[in-house]
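See structure below.
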Amino acid sequence: MADEFSAIHKEVDSILIDSVVEFYCDEMTQFLVQNFLEQVLIFFRLNPVLQKIQTPAIHSLKSRLKEPEHLRDKLTRKANKGIVVTRDTLFQEVTDLAGVRVLHLHQEQFKAIHSEIMKKIGQGDWLLGESPKAYTWDPETQAFFDSLSIQTEVRETYYTSVHYLVKPNNQSNICCEIQVRTLFEEIWGEIDHIINYPERTNSVACAEQLRVLSKLVSTGTRLSDSIFRSYKEHIESSSP
């Protein structure tokens, strides 16, 4: 009897998940999500403070809409944890349907990026879906984010990035997840994503190698900071 009930429950979950994925794939839903995604991209691409010709704070941008099958996988994992997602609650329960990744070369550039995002929010052009959060494992990096009053969370996985969740207004539940990280951190993130998403690898060797790589990435970021500080000092000392 229990097995029969479980089978019926899974079938109901599957039908509901199909309905939610169908809603997400609807052309109007896609238009609304894509439209806000493009607004976020334009803000970073055209922002004159961040795109100064001599010293642009942003190296490059990446964006994506969640693939329907990836959404299906996520909804299935939530259902297995007892979290039921419907068409009406999709945008509240799955907040990474749209994503923009902002990549920069060294840590000092982050201050300008963070300032412009918070200015946009302060002006009421965007609303925060939740407080910005910095994920890190490095105490020195944590101290840097603390100095900017950004909540930090230590990840045992050695993941490093700053996340913002923004909405266009308080009438909309559509969110865009903004991730800000250095190019070094992006390399680590891409490798980790391939190996550990959607299911984490059980390879002890891979886990150890990713841990070592995270430390190399941290060293690379700090060296980049040092190089640009030295370069700035050189330019300033050479100026008449």
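Letters A, B, ... go to the chains of the structure tokens in the order shown; residues in each chain start at 1; ligands are counted from 1 in the same order.
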- Message: Among range 162-194 of chain A, which residues does DSSP mark as helix (DSSP H, G or I) when it is run on the backbone? Keep the chain and numbering as in the structure and answer as a list of chain:residue names.
- Response: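 Filtering range 162-194 of chain A down to helix (DSSP H, G or I) leaves A:Leu183, A:Phe184, A:Glu185, A:Glu186, A:Ile187, A:Trp188, A:Gly189, A:Glu190, A:Ile191, A:Asp192, A:His193, A:Ile194.
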Residue contacts of Ala112 in chain A (12 Å, only C-alpha atoms) excluding same-chain residues fewer than 4 positions away, as a short mmCIF file (atom, residue, chain, number, x, y, z; two decimals) with N, CA and C atoms, in the first residue's frame:
```cif
data_model
loop_
_atom_site.label_atom_id
_atom_site.label_comp_id
_atom_site.auth_asym_id
_atom_site.auth_seq_id
_atom_site.Cartn_x
_atom_site.Cartn_y
_atom_site.Cartn_z
N PHE A 44 24.68 47.35 -16.96
CA PHE A 44 26.11 47.13 -16.81
C PHE A 44 26.89 47.50 -18.08
N ASN A 47 26.66 51.61 -18.39
CA ASN A 47 26.90 52.46 -17.22
C ASN A 47 28.23 53.20 -17.38
N PRO A 48 28.21 54.54 -17.47
CA PRO A 48 29.44 55.29 -17.73
C PRO A 48 30.45 55.21 -16.59
N VAL A 49 29.97 55.02 -15.37
CA VAL A 49 30.89 54.91 -14.23
C VAL A 49 31.70 53.62 -14.32
N LEU A 50 31.04 52.55 -14.75
CA LEU A 50 31.69 51.24 -14.81
C LEU A 50 32.44 51.00 -16.11
N GLN A 51 32.12 51.79 -17.14
CA GLN A 51 32.71 51.55 -18.45
C GLN A 51 33.64 52.68 -18.89
N LYS A 52 34.37 53.26 -17.95
CA LYS A 52 35.35 54.27 -18.30
C LYS A 52 36.36 53.68 -19.29
N THR A 55 39.95 52.82 -17.50
CA THR A 55 39.96 51.79 -16.45
C THR A 55 38.56 51.23 -16.24
N PRO A 56 38.03 50.45 -17.17
CA PRO A 56 36.70 49.87 -16.97
C PRO A 56 36.68 48.91 -15.79
N ALA A 57 35.65 49.03 -14.96
CA ALA A 57 35.56 48.16 -13.79
C ALA A 57 35.12 46.75 -14.18
N ILE A 58 34.45 46.64 -15.32
CA ILE A 58 33.93 45.34 -15.75
C ILE A 58 34.77 44.80 -16.89
N HIS A 104 35.26 40.80 -13.19
CA HIS A 104 36.24 41.90 -13.11
C HIS A 104 37.62 41.31 -12.84
N HIS A 106 40.31 42.60 -10.76
CA HIS A 106 40.90 42.63 -9.42
C HIS A 106 39.90 43.18 -8.43
N GLN A 107 40.16 42.92 -7.15
CA GLN A 107 39.17 43.14 -6.10
C GLN A 107 38.76 44.60 -5.94
N GLU A 108 39.69 45.51 -6.14
CA GLU A 108 39.38 46.93 -5.96
C GLU A 108 38.25 47.38 -6.88
N GLU A 116 27.49 50.99 -7.64
CA GLU A 116 26.52 51.30 -8.69
C GLU A 116 25.26 50.45 -8.55
N ILE A 117 25.41 49.19 -8.16
CA ILE A 117 24.23 48.34 -7.95
C ILE A 117 23.38 48.90 -6.82
N MET A 118 24.03 49.26 -5.71
CA MET A 118 23.28 49.76 -4.56
C MET A 118 22.68 51.14 -4.85
N LYS A 119 23.34 51.92 -5.69
CA LYS A 119 22.78 53.22 -6.09
C LYS A 119 21.50 53.01 -6.91
N LEU A 148 32.48 46.48 3.56
CA LEU A 148 31.46 47.09 2.70
C LEU A 148 30.05 46.79 3.20
N VAL A 180 28.77 38.53 -9.00
CA VAL A 180 29.96 39.33 -9.28
C VAL A 180 31.17 38.58 -8.74
#
```
- Item | Shell around range 160-164 of chain A at 9 Å using only C-alpha atoms, local window under 5 positions removed, as a list in words |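 Near range 160-164 of chain A, the qualifying residues are Ile117, Leu128, Gly129, Glu130, Ser131, Pro132, Lys133, Ala134, Tyr135, Thr136, Trp137, Asp138, Ile150, Thr152, Val154, Arg155, Cys176, Glu177, Ile178, Gln179, Val180, Arg181, Thr182, Glu185, Glu186, Trp188, Gly189 and Ser214 of chain A.
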- Task: Extract, using only C-alpha atoms, all DNA, RNA and protein residues at most 7 Å from range 221-235 of chain A, discarding same-chain residues fewer than 2 positions from it, and format them as JSON, numbers by chain.
- Result: {"A": [106, 107, 184, 217, 218, 219, 237, 238, 239]}
Prev. selection, N, CA, C and O atoms, output as a CSV table (one decimal), in the first residue's frame:
```
chain,number,residue,atom,x,y,z
A,106,HIS,N,40.3,42.6,-10.8
A,106,HIS,CA,40.9,42.6,-9.4
A,106,HIS,C,39.9,43.2,-8.4
A,106,HIS,O,38.9,43.8,-8.8
A,107,GLN,N,40.2,42.9,-7.1
A,107,GLN,CA,39.2,43.1,-6.1
A,107,GLN,C,38.8,44.6,-5.9
A,107,GLN,O,37.6,44.9,-5.6
A,184,PHE,N,39.6,35.0,-12.1
A,184,PHE,CA,40.2,33.8,-11.4
A,184,PHE,C,39.1,33.0,-10.8
A,184,PHE,O,39.1,31.8,-10.9
A,217,VAL,N,43.6,30.2,-7.0
A,217,VAL,CA,42.7,31.3,-7.5
A,217,VAL,C,42.8,32.5,-6.5
A,217,VAL,O,42.9,33.6,-7.0
A,218,SER,N,42.7,32.2,-5.2
A,218,SER,CA,42.9,33.3,-4.2
A,218,SER,C,44.2,34.0,-4.4
A,218,SER,O,44.3,35.2,-4.3
A,219,THR,N,45.3,33.2,-4.5
A,219,THR,CA,46.6,33.8,-4.7
A,219,THR,C,46.7,34.6,-6.0
A,219,THR,O,47.2,35.7,-6.0
A,237,SER,N,53.3,58.4,-9.9
A,237,SER,CA,54.6,58.9,-9.6
A,237,SER,C,55.2,59.5,-10.9
A,237,SER,O,56.1,60.3,-10.9
A,238,SER,N,54.8,59.0,-12.1
A,238,SER,CA,55.4,59.4,-13.3
A,238,SER,C,54.7,60.7,-13.9
A,238,SER,O,55.2,61.3,-14.8
A,239,SER,N,53.5,61.0,-13.3
A,239,SER,CA,52.8,62.2,-13.8
A,239,SER,C,53.5,63.5,-13.4
A,239,SER,O,54.0,63.6,-12.3
```
- Task: Would you please work out which residue, of A:Glu22, A:Leu71, A:Ser60, A:Leu210, is nearest to Glu190 in chain A when using only C-alpha atoms?
- Result: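 Among the listed residues, the smallest separation from Glu190 in chain A belongs to A:Leu210.
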- Residue nearest Phe145 in chain A - candidates A:Tyr24, A:Lys66, A:Phe110, A:Asn196, atoms counted: only C-alpha atoms: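 So, comparing all the options, the nearest one is A:Phe110.
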- Message: So, with only C-alpha atoms as the atoms that count, which of A:Thr86, A:Ser115, A:Gln92, A:Ser63 lies closest to Ser14 in chain A?
- Response: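 Selected residue with least distance to Ser14 in chain A: A:Thr86.
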- Query: Which neighbours of range 121-126 of chain A fall inside 7 Å, counting only C-alpha atoms, when residues of the same chain fewer than 5 positions from it are skipped, and could you give them as a list in words?
  - Reply: Val166, Lys167, Pro168 and Asn169 of chain A
Output for the residues just chosen: N, CA and C atoms as a tab-separated table (two decimals), in the first residue's frame:
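As a result, selection35.tsv now contains:
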```
chain	number	residue	atom	x	y	z
A	166	VAL	N	17.69	40.85	-7.63
A	166	VAL	CA	16.96	42.10	-7.89
A	166	VAL	C	15.67	41.84	-8.64
A	167	LYS	N	14.69	42.72	-8.39
A	167	LYS	CA	13.40	42.68	-9.07
A	167	LYS	C	13.15	44.05	-9.69
A	168	PRO	N	12.33	44.12	-10.76
A	168	PRO	CA	12.09	45.41	-11.41
A	168	PRO	C	11.25	46.36	-10.57
A	169	ASN	N	10.30	45.84	-9.79
A	169	ASN	CA	9.43	46.67	-8.95
A	169	ASN	C	8.68	45.77	-7.98
```
- Near Val84 in chain A, counting only C-alpha atoms, which residues have an atom at most 10 Å away, once you skip same-chain residues fewer than 3 positions from it, shown as a PyMOL selection string? chain A and resi 13+16-17+75-76+78-81+89-90+93
Writing out the chosen residues with N, CA and C atoms as a CSV table (one decimal), in the first residue's frame:
```csv
chain,number,residue,atom,x,y,z
A,13,ASP,N,3.3,14.7,-8.6
A,13,ASP,CA,4.4,15.6,-8.7
A,13,ASP,C,4.9,15.8,-10.1
A,16,LEU,N,2.4,18.0,-12.0
A,16,LEU,CA,2.6,19.4,-11.6
A,16,LEU,C,3.8,20.0,-12.1
A,17,ILE,N,4.9,19.3,-12.1
A,17,ILE,CA,6.2,19.8,-12.6
A,17,ILE,C,6.1,20.1,-14.1
A,75,LEU,N,13.0,21.5,-9.9
A,75,LEU,CA,11.6,21.3,-9.3
A,75,LEU,C,11.5,19.9,-8.7
A,76,THR,N,12.1,19.0,-9.4
A,76,THR,CA,12.1,17.6,-8.9
A,76,THR,C,12.8,17.5,-7.6
A,78,LYS,N,13.3,19.9,-5.4
A,78,LYS,CA,12.5,20.5,-4.4
A,78,LYS,C,11.3,19.6,-4.0
A,79,ALA,N,10.7,19.0,-4.9
A,79,ALA,CA,9.6,18.1,-4.6
A,79,ALA,C,10.0,17.0,-3.7
A,80,ASN,N,11.2,16.5,-4.0
A,80,ASN,CA,11.8,15.4,-3.1
A,80,ASN,C,12.0,15.8,-1.7
A,81,LYS,N,12.1,17.2,-1.5
A,81,LYS,CA,12.3,17.7,-0.2
A,81,LYS,C,11.0,18.2,0.4
A,89,THR,N,3.6,30.1,-7.7
A,89,THR,CA,4.8,30.4,-6.8
A,89,THR,C,6.1,30.2,-7.5
A,90,LEU,N,6.1,30.0,-8.8
A,90,LEU,CA,7.4,29.7,-9.5
A,90,LEU,C,8.4,30.8,-9.2
A,93,GLU,N,9.8,30.8,-5.6
A,93,GLU,CA,10.5,29.6,-5.2
A,93,GLU,C,11.8,29.4,-6.0
```
- Message: For a quick check of understanding, using only C-alpha atoms, which of A:Gln39, A:Leu183, A:Ala205, A:Thr157 has the smallest distance to Leu105 in chain A?
- Response: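 Looking only at the distances to Leu105 in chain A, the closest residue turns out to be A:Leu183.
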- Note on the structure: Students should find that CA of Val212 in chain A and CA of Glu156 in chain A are spaced 12.9 Å
- Taking into account only C-alpha atoms, which residue in the set A:Glu67, A:Thr201, A:Phe31, A:Cys175 is nearest to Thr95 in chain A?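 Distance minimum relative to Thr95 in chain A lands on A:Cys175.
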